[in-house]
$ cat run-v6.txt   # compact mmCIF, C-alpha atoms (C1' of nucleotides)
# COMPACT_ATOMS: atom_id res chain seq x y z
CA MET A 10 56.85 -10.76 -34.41
CA LYS A 11 53.40 -11.84 -33.20
CA MET A 12 50.71 -10.63 -35.58
CA THR A 13 47.77 -8.74 -34.14
CA PRO A 14 44.29 -10.07 -35.04
CA LEU A 15 43.80 -7.27 -37.54
CA ILE A 16 47.05 -8.00 -39.30
CA THR A 17 46.33 -11.71 -39.23
CA SER A 18 43.00 -11.24 -41.01
CA ALA A 19 44.52 -9.01 -43.62
CA VAL A 20 47.48 -11.31 -44.21
CA MET A 21 45.25 -14.36 -44.56
CA HIS A 22 43.03 -12.55 -47.02
CA PHE A 23 45.91 -11.39 -49.17
CA GLY A 24 47.06 -14.97 -49.18
CA GLU A 25 43.70 -16.13 -50.52
CA MET A 26 43.70 -13.39 -53.15
CA GLY A 27 47.34 -13.89 -54.01
CA SER A 28 46.71 -16.42 -56.71
CA ARG A 29 44.22 -14.13 -58.40
CA TRP A 30 46.77 -11.34 -58.43
CA GLY A 31 49.41 -13.39 -60.14
CA PHE A 32 51.35 -14.93 -57.29
CA ASN A 33 50.70 -17.78 -54.91
CA ARG A 34 49.26 -17.91 -51.42
CA THR A 35 52.44 -17.61 -49.40
CA VAL A 36 53.83 -14.89 -51.62
CA GLY A 37 50.65 -12.90 -51.04
CA GLN A 38 50.89 -13.42 -47.30
CA ILE A 39 54.52 -12.40 -47.16
CA LEU A 40 53.78 -9.25 -49.12
CA ALA A 41 50.94 -8.26 -46.83
CA LEU A 42 53.02 -8.90 -43.77
CA ILE A 43 55.90 -6.78 -44.98
CA VAL A 44 53.66 -3.96 -46.11
CA LEU A 45 51.61 -3.82 -42.94
CA ASN A 46 54.50 -4.09 -40.58
CA GLU A 47 56.17 -0.76 -40.12
CA GLU A 48 59.44 -2.25 -38.93
CA PRO A 49 61.74 -4.15 -41.25
CA ILE A 50 61.33 -7.88 -40.81
CA SER A 51 63.75 -10.78 -41.24
CA ALA A 52 63.19 -13.89 -43.32
CA GLN A 53 63.12 -15.99 -40.18
CA GLU A 54 60.44 -13.79 -38.63
CA VAL A 55 58.37 -14.11 -41.79
CA ALA A 56 58.65 -17.89 -41.67
CA ASP A 57 57.67 -17.97 -38.00
CA ALA A 58 54.78 -15.55 -38.30
CA LEU A 59 53.27 -17.38 -41.25
CA ASN A 60 54.21 -20.87 -40.19
CA ILE A 61 55.89 -21.78 -43.41
CA SER A 62 59.23 -23.38 -44.10
CA ARG A 63 62.35 -21.35 -44.32
CA GLY A 64 62.88 -22.55 -47.90
CA ASN A 65 59.49 -21.44 -49.04
CA THR A 66 60.04 -18.09 -47.40
CA SER A 67 63.28 -17.64 -49.25
CA MET A 68 61.61 -18.38 -52.57
CA GLY A 69 58.71 -16.08 -51.80
CA LEU A 70 60.98 -13.20 -50.90
CA LYS A 71 62.96 -13.79 -54.05
CA GLU A 72 59.82 -13.63 -56.13
CA LEU A 73 58.64 -10.46 -54.42
CA GLN A 74 61.98 -8.89 -55.15
CA SER A 75 61.73 -9.92 -58.79
CA TRP A 76 58.37 -8.14 -58.89
CA ARG A 77 60.11 -5.17 -57.22
CA LEU A 78 57.52 -5.08 -54.47
CA VAL A 79 59.89 -5.72 -51.60
CA LYS A 80 63.51 -4.82 -51.06
CA GLN A 81 66.29 -5.71 -48.70
CA HIS A 82 67.13 -3.38 -45.90
CA HIS A 83 70.37 -3.66 -44.04
CA VAL A 84 70.20 -2.91 -40.34
CA PRO A 85 73.63 -1.74 -39.11
CA GLY A 86 75.12 -4.09 -36.57
CA GLU A 87 72.74 -6.91 -37.52
CA ARG A 88 74.06 -9.89 -39.40
CA LYS A 89 70.87 -10.93 -41.13
CA GLU A 90 68.97 -9.23 -43.92
CA PHE A 91 65.69 -7.44 -43.30
CA PHE A 92 62.93 -6.72 -45.75
CA ILE A 93 60.72 -3.70 -46.34
CA PRO A 94 58.20 -2.64 -48.99
CA ALA A 95 59.82 -1.25 -52.14
CA GLY A 96 57.72 1.92 -52.04
CA ASP A 97 54.39 3.40 -51.12
CA ILE A 98 51.08 1.80 -51.97
CA TRP A 99 50.78 3.62 -55.28
CA THR A 100 54.22 2.45 -56.34
CA LEU A 101 53.48 -1.11 -55.37
CA ALA A 102 50.18 -1.16 -57.24
CA ASN A 103 51.93 0.18 -60.28
CA ARG A 104 54.58 -2.46 -60.13
CA VAL A 105 51.92 -5.14 -59.99
CA PHE A 106 50.23 -3.70 -63.07
CA GLU A 107 53.45 -3.40 -64.93
CA GLU A 108 54.58 -6.90 -64.13
CA ARG A 109 51.25 -8.35 -65.06
CA ARG A 110 51.28 -6.48 -68.31
CA LYS A 111 54.60 -8.11 -69.11
CA ARG A 112 53.20 -11.54 -68.39
CA GLU A 113 49.68 -11.18 -69.68
CA ILE A 114 49.90 -8.88 -72.67
CA ASP A 115 53.40 -8.66 -74.07
CA PRO A 116 53.74 -12.30 -75.14
CA THR A 117 50.42 -12.12 -76.93
CA MET A 118 51.34 -8.90 -78.70
CA SER A 119 54.48 -10.53 -79.92
CA LEU A 120 52.67 -13.59 -81.26
CA LEU A 121 50.01 -11.47 -82.92
CA ARG A 122 52.60 -9.39 -84.70
CA ASP A 123 54.10 -12.56 -86.11
CA LEU A 124 50.80 -14.04 -87.18
CA LEU A 125 49.82 -10.85 -88.93
CA LEU A 126 52.94 -10.88 -91.10
CA ASP A 127 51.98 -13.95 -93.12
CA ALA A 128 49.60 -13.57 -96.00
CA PRO A 129 46.29 -15.35 -95.33
CA ALA A 130 46.03 -18.68 -97.11
CA ASN A 131 42.30 -18.47 -97.74
CA GLU A 132 39.01 -16.84 -96.81
CA LYS A 133 38.88 -18.35 -93.34
CA GLU A 134 42.36 -17.17 -92.53
CA ALA A 135 41.70 -13.70 -93.85
CA SER A 136 38.75 -13.32 -91.54
CA ALA A 137 40.66 -14.72 -88.57
CA GLN A 138 43.54 -12.40 -89.31
CA HIS A 139 41.18 -9.48 -89.28
CA LYS A 140 40.01 -10.39 -85.80
CA LEU A 141 43.56 -10.90 -84.64
CA ASN A 142 44.36 -7.46 -85.91
CA GLU A 143 41.55 -5.97 -83.87
CA ILE A 144 42.85 -7.73 -80.81
CA HIS A 145 46.34 -6.48 -81.52
CA ASP A 146 45.21 -2.88 -81.78
CA LEU A 147 43.17 -3.12 -78.62
CA LEU A 148 46.07 -4.53 -76.64
CA GLU A 149 48.39 -1.92 -78.05
CA SER A 150 46.05 0.81 -76.89
CA ILE A 151 45.78 -0.70 -73.45
CA THR A 152 49.54 -0.90 -73.15
CA ALA A 153 50.08 2.67 -74.31
CA TRP A 154 47.38 3.88 -72.04
CA SER A 155 48.61 2.14 -68.95
CA GLU A 156 52.09 3.54 -69.52
CA GLU A 157 50.54 6.96 -69.80
CA LEU A 158 48.69 6.55 -66.52
CA GLN A 159 51.88 5.54 -64.78
CA ASN A 160 53.58 8.68 -65.94
CA LEU A 161 50.73 10.81 -64.68
CA GLY A 162 51.51 9.90 -61.09
CA PRO A 163 49.06 9.47 -58.26
CA GLU A 164 47.87 13.05 -57.78
CA LYS A 165 46.90 13.72 -61.36
CA LEU A 166 45.45 10.27 -61.68
CA ASN A 167 43.33 11.04 -58.72
CA THR A 168 42.16 14.28 -60.25
CA LEU A 169 41.22 12.37 -63.36
CA MET A 170 39.38 9.76 -61.37
CA LYS A 171 37.48 12.25 -59.31
CA LEU A 172 36.43 13.87 -62.53
CA GLY A 173 34.16 10.90 -63.15
CA SER A 174 31.83 11.32 -66.08
CA GLY A 175 33.40 14.70 -66.68
CA VAL A 176 36.04 12.92 -68.70
CA GLY A 177 33.59 12.34 -71.50
CA ARG A 178 32.52 15.95 -71.60
CA MET A 179 36.07 17.13 -71.43
CA LEU A 180 36.95 15.03 -74.43
CA GLU A 181 34.26 16.62 -76.47
CA LEU A 182 35.87 19.98 -75.85
CA LYS A 183 39.45 18.90 -76.14
CA ASP A 184 40.07 20.36 -79.58
CA LYS A 185 39.46 23.83 -78.24
CA LEU A 186 41.88 23.16 -75.44
CA LEU A 187 44.70 21.45 -77.28
CA PRO A 188 44.34 22.48 -80.89
CA GLY A 189 47.63 20.90 -81.92
CA LYS A 190 46.54 17.41 -80.98
CA ASN A 191 45.69 14.53 -83.27
CA SER A 192 42.00 14.72 -84.12
CA VAL A 193 40.44 11.31 -84.09
CA ASN A 194 36.74 11.61 -84.73
CA MET B 21 35.97 -27.98 -88.66
CA LYS B 22 39.67 -28.37 -89.45
CA MET B 23 41.68 -25.46 -88.11
CA THR B 24 44.04 -23.69 -90.47
CA PRO B 25 47.67 -23.33 -89.32
CA LEU B 26 47.13 -19.69 -88.45
CA ILE B 27 44.10 -20.46 -86.32
CA THR B 28 45.88 -23.35 -84.70
CA SER B 29 48.78 -21.16 -83.60
CA ALA B 30 46.46 -18.54 -82.22
CA VAL B 31 44.28 -21.07 -80.41
CA MET B 32 47.28 -22.78 -78.84
CA HIS B 33 48.67 -19.47 -77.69
CA PHE B 34 45.41 -18.36 -76.13
CA GLY B 35 45.38 -21.68 -74.36
CA GLU B 36 48.81 -21.02 -72.88
CA MET B 37 47.81 -17.53 -71.84
CA GLY B 38 44.42 -18.61 -70.58
CA SER B 39 45.57 -19.28 -67.05
CA ARG B 40 47.11 -15.83 -66.82
CA TRP B 41 43.86 -14.27 -67.92
CA GLY B 42 41.80 -15.97 -65.27
CA PHE B 43 40.64 -19.16 -66.92
CA ASN B 44 42.30 -22.45 -67.74
CA ARG B 45 43.96 -23.77 -70.85
CA THR B 46 41.01 -25.38 -72.54
CA VAL B 47 38.70 -22.49 -71.77
CA GLY B 48 41.21 -20.16 -73.42
CA GLN B 49 41.41 -22.40 -76.47
CA ILE B 50 37.67 -22.68 -76.81
CA LEU B 51 37.28 -18.93 -76.61
CA ALA B 52 39.89 -18.32 -79.28
CA LEU B 53 38.33 -20.90 -81.54
CA ILE B 54 34.87 -19.42 -81.26
CA VAL B 55 36.07 -15.87 -81.74
CA LEU B 56 38.25 -16.62 -84.75
CA ASN B 57 35.75 -18.81 -86.50
CA GLU B 58 33.25 -16.73 -88.33
CA GLU B 59 30.67 -19.50 -88.45
CA PRO B 60 28.84 -20.70 -85.37
CA ILE B 61 30.37 -23.89 -84.07
CA SER B 62 28.87 -26.82 -82.17
CA ALA B 63 30.15 -28.30 -78.92
CA GLN B 64 31.08 -31.48 -80.72
CA GLU B 65 33.11 -29.58 -83.28
CA VAL B 66 34.94 -27.76 -80.49
CA ALA B 67 35.78 -31.06 -78.82
CA ASP B 68 37.03 -32.53 -82.09
CA ALA B 69 39.05 -29.52 -83.15
CA LEU B 70 40.80 -29.23 -79.79
CA ASN B 71 41.02 -32.92 -79.06
CA ILE B 72 39.41 -32.67 -75.67
CA SER B 73 36.65 -34.67 -74.09
CA ARG B 74 33.05 -33.82 -74.63
CA GLY B 75 32.61 -33.30 -70.88
CA ASN B 76 35.43 -30.84 -70.61
CA THR B 77 34.05 -28.97 -73.59
CA SER B 78 30.70 -28.69 -71.94
CA MET B 79 32.21 -27.27 -68.77
CA GLY B 80 34.37 -24.87 -70.71
CA LEU B 81 31.43 -23.54 -72.69
CA LYS B 82 29.48 -23.15 -69.50
CA GLU B 83 32.25 -21.11 -67.97
CA LEU B 84 32.60 -18.91 -71.03
CA GLN B 85 28.88 -18.27 -70.87
CA SER B 86 29.15 -17.34 -67.21
CA TRP B 87 31.81 -14.81 -68.18
CA ARG B 88 29.40 -13.65 -70.93
CA LEU B 89 32.07 -14.07 -73.56
CA VAL B 90 30.23 -16.64 -75.63
CA LYS B 91 26.56 -17.21 -76.28
CA GLN B 92 24.37 -19.88 -77.76
CA HIS B 93 23.12 -19.48 -81.26
CA HIS B 94 20.27 -21.54 -82.56
CA VAL B 95 20.54 -22.55 -86.19
CA PRO B 96 17.04 -23.15 -87.60
CA GLY B 97 16.53 -26.71 -88.69
CA GLU B 98 19.50 -27.94 -86.66
CA ARG B 99 18.96 -29.93 -83.54
CA LYS B 100 22.15 -29.09 -81.72
CA GLU B 101 23.24 -25.83 -80.18
CA PHE B 102 25.89 -23.66 -81.77
CA PHE B 103 28.13 -21.10 -80.13
CA ILE B 104 29.28 -17.66 -81.16
CA PRO B 105 31.14 -14.78 -79.50
CA ALA B 106 28.94 -12.65 -77.24
CA GLY B 107 29.99 -9.43 -78.96
CA ASP B 108 32.81 -7.61 -80.69
CA ILE B 109 36.38 -7.57 -79.44
CA TRP B 110 35.85 -4.43 -77.39
CA THR B 111 32.84 -5.94 -75.65
CA LEU B 112 34.69 -9.14 -74.90
CA ALA B 113 37.69 -7.32 -73.47
CA ASN B 114 35.38 -5.31 -71.28
CA ARG B 115 33.67 -8.38 -69.98
CA VAL B 116 36.99 -9.88 -69.06
CA PHE B 117 37.95 -6.74 -67.15
CA GLU B 118 34.65 -6.59 -65.39
CA GLU B 119 34.67 -10.21 -64.40
CA ARG B 120 38.21 -9.99 -63.15
CA ARG B 121 37.37 -6.92 -61.13
CA LYS B 122 34.65 -8.91 -59.43
CA ARG B 123 37.05 -11.67 -58.57
CA GLU B 124 40.19 -9.71 -57.86
CA ILE B 125 39.07 -6.46 -56.29
CA ASP B 126 35.56 -6.66 -54.89
CA PRO B 127 36.26 -9.29 -52.21
CA THR B 128 39.23 -7.31 -50.97
CA MET B 129 37.26 -4.08 -50.84
CA SER B 130 34.67 -5.79 -48.75
CA LEU B 131 37.20 -7.16 -46.28
CA LEU B 132 39.00 -3.85 -46.03
CA ARG B 133 35.78 -2.04 -45.21
CA ASP B 134 35.19 -4.47 -42.37
CA LEU B 135 38.71 -4.23 -41.02
CA LEU B 136 38.56 -0.46 -41.03
CA LEU B 137 35.46 -0.39 -38.86
CA ASP B 138 37.14 -1.72 -35.72
CA ALA B 139 39.08 0.67 -33.54
CA PRO B 140 42.79 -0.18 -33.57
CA ALA B 141 43.92 -2.05 -30.46
CA ASN B 142 47.37 -0.50 -30.30
CA GLU B 143 50.07 1.41 -32.16
CA LYS B 144 50.89 -1.42 -34.52
CA GLU B 145 47.29 -1.85 -35.51
CA ALA B 146 46.80 1.86 -36.00
CA SER B 147 49.66 1.95 -38.46
CA ALA B 148 48.47 -1.16 -40.26
CA GLN B 149 44.99 0.26 -40.48
CA HIS B 150 46.35 3.39 -42.04
CA LYS B 151 47.98 1.34 -44.78
CA LEU B 152 44.84 -0.67 -45.28
CA ASN B 153 42.97 2.55 -45.70
CA GLU B 154 45.35 3.68 -48.42
CA ILE B 155 44.85 0.39 -50.20
CA HIS B 156 41.11 0.73 -49.87
CA ASP B 157 41.09 4.19 -51.40
CA LEU B 158 43.31 3.12 -54.24
CA LEU B 159 41.14 0.15 -55.10
CA GLU B 160 38.05 2.29 -54.90
CA SER B 161 39.54 4.72 -57.37
CA ILE B 162 40.50 1.94 -59.71
CA THR B 163 37.00 0.54 -59.59
CA ALA B 164 35.33 3.87 -60.19
CA TRP B 165 37.73 4.61 -62.97
CA SER B 166 37.27 1.35 -64.79
CA GLU B 167 33.51 1.75 -64.68
CA GLU B 168 33.95 5.20 -66.15
CA LEU B 169 36.07 3.87 -68.99
CA GLN B 170 33.46 1.29 -69.82
CA ASN B 171 30.83 3.96 -70.11
CA LEU B 172 33.01 5.99 -72.43
CA GLY B 173 32.81 3.31 -75.08
CA PRO B 174 35.45 2.39 -77.60
CA GLU B 175 35.54 5.51 -79.76
CA LYS B 176 36.02 8.00 -76.99
CA LEU B 177 38.41 5.71 -75.23
CA ASN B 178 40.42 5.62 -78.38
CA THR B 179 40.45 9.40 -78.58
CA LEU B 180 41.67 9.49 -75.03
CA MET B 181 44.35 6.94 -75.73
CA LYS B 182 45.58 8.68 -78.83
CA LEU B 183 45.85 11.82 -76.77
CA GLY B 184 48.85 10.29 -75.07
CA SER B 185 50.74 12.66 -72.84
CA GLY B 186 48.22 15.33 -73.73
CA VAL B 187 46.08 13.97 -70.93
CA GLY B 188 48.39 15.49 -68.37
CA ARG B 189 48.35 18.89 -69.99
CA MET B 190 44.63 18.76 -70.43
CA LEU B 191 44.18 18.09 -66.74
CA GLU B 192 46.13 21.16 -65.85
CA LEU B 193 43.64 23.22 -67.79
CA LYS B 194 40.54 21.38 -66.79
CA ASP B 195 39.27 23.98 -64.32
CA LYS B 196 38.92 26.49 -67.11
CA LEU B 197 36.97 23.98 -69.10
CA LEU B 198 34.70 22.52 -66.47
CA PRO B 199 34.53 25.10 -63.70
CA GLY B 200 31.83 23.28 -61.80
CA LYS B 201 33.97 20.23 -61.17
CA ASN B 202 35.48 19.11 -57.90
CA SER B 203 38.90 20.68 -57.52
CA VAL B 204 41.40 18.27 -56.09
CA ASN B 205 44.83 19.90 -56.02
C1' DA C 8 5.44 -43.59 -74.82
C1' DT C 9 9.70 -44.70 -77.10
C1' DA C 10 13.68 -43.83 -79.11
C1' DA C 11 17.20 -41.02 -81.10
C1' DA C 12 20.15 -37.01 -80.70
C1' DC C 13 22.32 -34.40 -78.00
C1' DT C 14 24.06 -32.29 -73.27
C1' DT C 15 25.49 -32.24 -68.49
C1' DT C 16 27.28 -34.08 -64.30
C1' DC C 17 30.57 -36.01 -61.46
C1' DA C 18 33.70 -39.63 -59.43
C1' DG C 19 38.04 -40.85 -60.28
C1' DT C 20 42.56 -40.00 -62.55
C1' DA C 21 46.12 -37.14 -64.45
C1' DA C 22 48.73 -33.01 -64.57
C1' DT C 23 50.38 -29.07 -62.42
C1' DT C 24 51.67 -26.18 -58.80
C1' DT C 25 53.20 -25.31 -54.26
C1' DC C 26 55.67 -26.51 -50.05
C1' DT C 27 59.00 -28.84 -47.08
C1' DG C 28 63.33 -29.81 -45.18
C1' DA C 29 67.80 -31.44 -45.55
C1' DA C 30 72.07 -30.44 -47.90
C1' DA C 31 74.94 -27.10 -50.13
C1' DC C 32 76.39 -22.63 -50.20
C1' DT C 33 77.87 -17.89 -48.58
C1' DT C 34 79.38 -14.57 -45.39
C1' DC C 35 81.09 -12.82 -41.39
C1' DT C 36 83.85 -13.17 -36.99
C1' DG C 37 87.51 -14.32 -33.95
C1' DC D 15 91.10 -20.58 -41.56
C1' DA D 16 87.51 -22.83 -38.48
C1' DG D 17 83.14 -22.47 -37.39
C1' DA D 18 78.92 -19.95 -36.49
C1' DA D 19 75.05 -17.49 -38.54
C1' DG D 20 72.53 -17.01 -42.04
C1' DT D 21 70.62 -18.03 -46.98
C1' DT D 22 69.51 -20.67 -51.17
C1' DT D 23 68.58 -24.72 -53.84
C1' DC D 24 66.17 -28.54 -55.19
C1' DA D 25 64.29 -33.42 -55.04
C1' DG D 26 60.44 -35.35 -53.54
C1' DA D 27 55.74 -35.01 -50.93
C1' DA D 28 51.43 -32.72 -50.50
C1' DA D 29 47.84 -29.98 -52.21
C1' DT D 30 45.34 -28.13 -55.81
C1' DT D 31 43.41 -27.86 -60.27
C1' DA D 32 42.08 -29.74 -64.74
C1' DC D 33 40.39 -33.57 -67.61
C1' DT D 34 38.16 -37.89 -68.96
C1' DG D 35 34.47 -40.81 -69.92
C1' DA D 36 30.64 -43.33 -68.54
C1' DA D 37 26.14 -42.68 -66.58
C1' DA D 38 22.23 -39.72 -65.94
C1' DG D 39 19.53 -36.15 -67.87
C1' DT D 40 16.98 -33.39 -71.66
C1' DT D 41 14.69 -32.46 -75.65
C1' DT D 42 12.55 -33.39 -79.97
C1' DA D 43 10.39 -36.34 -83.31
C1' DT D 44 7.36 -40.02 -84.39
$ encode --input "run-v6.txt" --output "structure tokens"
Amino acid sequence: MKMTPLITSAVMHFGEMGSRWGFNRTVGQILALIVLNEEPISAQEVADALNISRGNTSMGLKELQSWRLVKQHHVPGERKEFFIPAGDIWTLANRVFEERRKREIDPTMSLLRDLLLDAPANEKEASAQHKLNEIHDLLESITAWSEELQNLGPEKLNTLMKLGSGVGRMLELKDKLLPGKNSVN
Amino acid sequence: MKMTPLITSAVMHFGEMGSRWGFNRTVGQILALIVLNEEPISAQEVADALNISRGNTSMGLKELQSWRLVKQHHVPGERKEFFIPAGDIWTLANRVFEERRKREIDPTMSLLRDLLLDAPANEKEASAQHKLNEIHDLLESITAWSEELQNLGPEKLNTLMKLGSGVGRMLELKDKLLPGKNSVN
DNA sequence: ATAAACTTTCAGTAATTTCTGAAACTTCTG
DNA sequence: CAGAAGTTTCAGAAATTACTGAAAGTTTAT
């Protein structure tokens, strides 16, 4: 399970970036290693390749499974468990988005809903509540939208992306195309 | 500069969430306080309201300015500097996205480009490089796409969001609408 | 030029997060 | 069921990140 120089660079980098993506250094490294390695890999091999303790490895793998980025893979005849990516790159990226949405947006949405239920006590609160409402609506849109993108799937998403600034123009014409749809402006 | 209960709850929550959004607790609290307070607020008032040291406040304000979420506001006749949000909610959310993209995606893109330049040394590396290439393309699409959304502006974005699953159907018809555009599937 | 009002910096401390490794646990095998 | 092979847990150590407060720095007013 020696890593080639290329894989080493990539793994180290994903470790560095790990914390920015919502997990810690070793979790990032483990993920990169499992994704870049075509063969299934055992926990012990992960620990050896990355030079981290067996305990830390176990926790990292557990976390990656809770993010649904990595899954166990049983090799017939082998006693130990092996690990492989839980899907293709698109799937993994989606899982990361989804999980982050749960951690970064959902709790705030829930608090905002609560805060917006109470009647404002005075002028100051009324104004603050108005802002909170704006934030709530924005987050709600982002959530709805990201769910929508997930349902589109990679090919259509790609079409949409390649469309570039065409999206704007298309929107202007949308009523002709989909006359039944909610007209906003 | 006493905070009302509503504002206190919101500020505390944004503090908790701060670290998930890319900054630390006090920076999150300061941001919430400045956004929810309609009047400009001085550094000293921030420190008092949040019960944090003057030094920490100064660093927090500096960071918020580097994210372009908060700006200085000079009150005529007053000696000290006041602070206000750098724009409306939409603008602020956009700045957060943009800044996070810089920190979370750009460095990886740059590394991936480098790693893809070298010829693979063997089978293992060839396969890893293929995966890295997929990741590169995905990140590139995400970047292009998020820039596109920013240019759309809030109203059109909202139209798009309200369109919901209509986006998929619209895409299927897009060639009729915009015949000049790049055909992907 | 001096002083008052205010801000920033930064060395040291506090708080938090991550990692290790030994012990406890779980399976499988003979 | 004994023990070998493997995994998980978790208390404490190490590393990282955030915060304080006193000293240095700025700016404005006189």
$ closest_atom_pairs --input "run-v6.txt" --of "chain A" --to "chain D" --cutoff "10 Å" --atoms "all atoms listed in the file" --output "JSON lines"
{"residue": "A:Ala52", "atom": "CA", "partner": "D:DT21", "partner_atom": "C1'", "distance": 9.3}
{"residue": "A:Gln53", "atom": "CA", "partner": "D:DG20", "partner_atom": "C1'", "distance": 9.6}
{"residue": "A:Arg63", "atom": "CA", "partner": "D:DT21", "partner_atom": "C1'", "distance": 9.3}
{"residue": "A:Gly64", "atom": "CA", "partner": "D:DT22", "partner_atom": "C1'", "distance": 7.6}
{"residue": "A:Ser67", "atom": "CA", "partner": "D:DT22", "partner_atom": "C1'", "distance": 7.2}
{"residue": "A:Met68", "atom": "CA", "partner": "D:DT22", "partner_atom": "C1'", "distance": 8.3}
{"residue": "A:Lys71", "atom": "CA", "partner": "D:DT22", "partner_atom": "C1'", "distance": 9.9}
{"residue": "A:Arg88", "atom": "CA", "partner": "D:DA19", "partner_atom": "C1'", "distance": 7.7}
{"residue": "A:Lys89", "atom": "CA", "partner": "D:DG20", "partner_atom": "C1'", "distance": 6.4}
{"residue": "A:Glu90", "atom": "CA", "partner": "D:DG20", "partner_atom": "C1'", "distance": 8.8}
$ interface_residues --input "run-v6.txt" --of "chain C" --to "chain B" --cutoff "9 Å" --atoms "only C-alpha atoms (C1' of nucleotides)" --output "MDAnalysis selection string"
chainID C and resid 12:16
$ axis_aligned_box --input "run-v6.txt" --around "segment 10-16 of chain C" --padding-each-side "3 Å" --output "lines of an AutoDock Vina configuration file"
center_x = 20.5
center_y = -38.0
center_z = -72.7
size_x = 19.6
size_y = 17.6
size_z = 22.8
$ closest_residue --input "run-v6.txt" --among "A:Ala19, A:Leu182, A:Leu166, A:Ala153" --to "Asp115 of chain A" --atoms "all atoms listed in the file"
A:Ala153
$ atom_distance --input "run-v6.txt" --atom1 "atom CA of Thr117 of chain A" --atom2 "atom CA of Leu158 of chain A"
21.4 Å
$ atom_distance --input "run-v6.txt" --atom1 "atom CA of Glu124 of chain B" --atom2 "atom CA of Trp165 of chain B"
15.4 Å
$ closest_atom_pairs --input "run-v6.txt" --of "chain C" --to "segment 31-41 of chain A" --cutoff "12 Å" --atoms "only C-alpha atoms (C1' of nucleotides)" --output "CSV"
residue,atom,partner,partner_atom,distance
C:DT24,C1',A:Asn33,CA,9.3
C:DT25,C1',A:Asn33,CA,8.0
C:DC26,C1',A:Thr35,CA,9.5
$ closest_residue --input "run-v6.txt" --among "B:Leu135, B:Ala67, B:Val31, B:Leu112" --to "chain A" --atoms "all atoms listed in the file"
B:Leu135
$ atom_distance --input "run-v6.txt" --atom1 "atom CA of Glu168 of chain B" --atom2 "atom CA of Glu83 of chain B"
26.4 Å
$ residues_around --input "run-v6.txt" --residues "Ser18 of chain A" --least-positions-apart "3" --cutoff "12 Å" --atoms "all atoms listed in the file" --output "list in words"
Met12, Thr13, Pro14, Leu15, Met21, His22, Phe23, Gly24, Glu25, Gln38, Ala41, Leu42, Leu45 and Leu59 of chain A; Thr128, Leu131, Leu132, Asp134, Leu135, Leu136, Glu145, Ala148, Gln149 and Leu152 of chain B
$ closest_residue --input "run-v6.txt" --among "B:Leu180, B:Leu84, B:Val95, B:Val55" --to "Glu119 of chain B" --atoms "all atoms listed in the file"
B:Leu84
$ decode --input "run-v6.txt" --residues "segment 17-40 of chain D" --atoms "C-alpha atoms (C1' of nucleotides)" --output "short mmCIF file (atom, residue, chain, number, x, y, z; two decimals), in the first residue's frame"
data_model
loop_
_atom_site.label_atom_id
_atom_site.label_comp_id
_atom_site.auth_asym_id
_atom_site.auth_seq_id
_atom_site.Cartn_x
_atom_site.Cartn_y
_atom_site.Cartn_z
"C1'" DG D 17 -7.66 -17.84 21.45
"C1'" DA D 18 -6.39 -15.32 17.32
"C1'" DA D 19 -7.57 -11.50 14.28
"C1'" DG D 20 -9.52 -7.64 13.93
"C1'" DT D 21 -12.16 -3.22 15.56
"C1'" DT D 22 -13.79 0.43 18.67
"C1'" DT D 23 -13.65 3.38 22.63
"C1'" DC D 24 -11.97 6.81 25.40
"C1'" DA D 25 -8.83 9.19 28.85
"C1'" DG D 26 -5.18 11.92 28.54
"C1'" DA D 27 -1.36 14.33 25.60
"C1'" DA D 28 -0.33 17.21 21.77
"C1'" DA D 29 -1.47 20.57 18.50
"C1'" DT D 30 -4.14 24.21 17.00
"C1'" DT D 31 -7.00 28.14 17.35
"C1'" DA D 32 -9.11 31.98 19.82
"C1'" DC D 33 -8.91 35.63 23.34
"C1'" DT D 34 -7.07 39.00 26.61
"C1'" DG D 35 -4.98 43.10 27.98
"C1'" DA D 36 -1.17 45.99 28.22
"C1'" DA D 37 1.91 48.52 25.29
"C1'" DA D 38 2.65 50.83 20.98
"C1'" DG D 39 0.58 53.42 17.40
"C1'" DT D 40 -2.64 57.03 15.15
#
